[in-house]
Amino acid sequence: MLAIARHESGFNPDAAAGSTSASGIGQFVDSTGEKYGLTLENVFEIKENTLALISIFTKEYARSADKKGLTGIDREIRIYALHHDGPSLKYGGEELSRLHIIPWVDKIYQSIDWNMAK
């Protein structure tokens with residue numbers, strides 16, 4: 001989730017795409033954001049946008065567990081692709097995930113003090 005927020009908005013809750021309705025820290029387009037409780041009134045609120053990002057991540061992570069052959073890194077690639085492309089997976093989300101999300105996943109995991117996280 002952190003790698004997605006970093007790539008999508010640079011952790012900027014006020015980020016807005018110039019070519020789509022993508023907004024906030026998770027860069028949700030209006031139609032997807034609505035499914036996760038985002039409205040025109042709260043899309044730039046960091047708490048609501050972060051909760052939407054957590055919701056889509058956990059939903060797709062659980063769903064990807066049901067897909068045969070999707071384990072580890074493949075699951076994380078798919079999760080970002082679904083966030084980026086929607087269910088069609090036709091807009092290059094998997095390649096973008098490999099290039100921009102996955103390299104940061106390892107960096108983020110390595111930077112976590114797991115003793116403190118317990």
# chains A, B, ... in the order shown; residues from 1 in each chain; ligands from 1

call {"tool": "residues_around", "arguments": {"residues": "Pro103 (chain A)", "least_positions_apart": "4", "cutoff": "12 Å", "atoms": "only C-alpha atoms", "output": "ChimeraX atom specification"}}
result
/A:2-4,6-7,73,76-77,96-99,107-110

call {"tool": "residues_around", "arguments": {"residues": "Ser23 (chain A)", "least_positions_apart": "3", "cutoff": "8 Å", "atoms": "only C-alpha atoms", "output": "list of chain:residue names"}}
result
A:Pro13, A:Asp14, A:Ala15, A:Ala16, A:Ala17, A:Gly26, A:Gln27, A:Phe28, A:Val29, A:Val43, A:Phe44

call {"tool": "closest_residue", "arguments": {"among": "A:Ser88, A:Ile25, A:Arg75, A:Leu38", "to": "Thr58 (chain A)", "atoms": "only C-alpha atoms"}}
result
A:Arg75

call {"tool": "atom_distance", "arguments": {"atom1": "CA of Glu8 (chain A)", "atom2": "CA of Ala65 (chain A)"}}
result
24.3 Å

call {"tool": "closest_residue", "arguments": {"among": "A:Ile79, A:Gly93, A:His84, A:Asn42", "to": "Thr20 (chain A)", "atoms": "only C-alpha atoms"}}
result
A:His84

call {"tool": "closest_residue", "arguments": {"among": "A:Phe57, A:His100, A:Glu45, A:Tyr91", "to": "Gly10 (chain A)", "atoms": "only C-alpha atoms"}}
result
A:His100

call {"tool": "closest_residue", "arguments": {"among": "A:Ile112, A:Asp66, A:Ala22, A:Asp74", "to": "Glu95 (chain A)", "atoms": "only C-alpha atoms"}}
result
A:Asp74
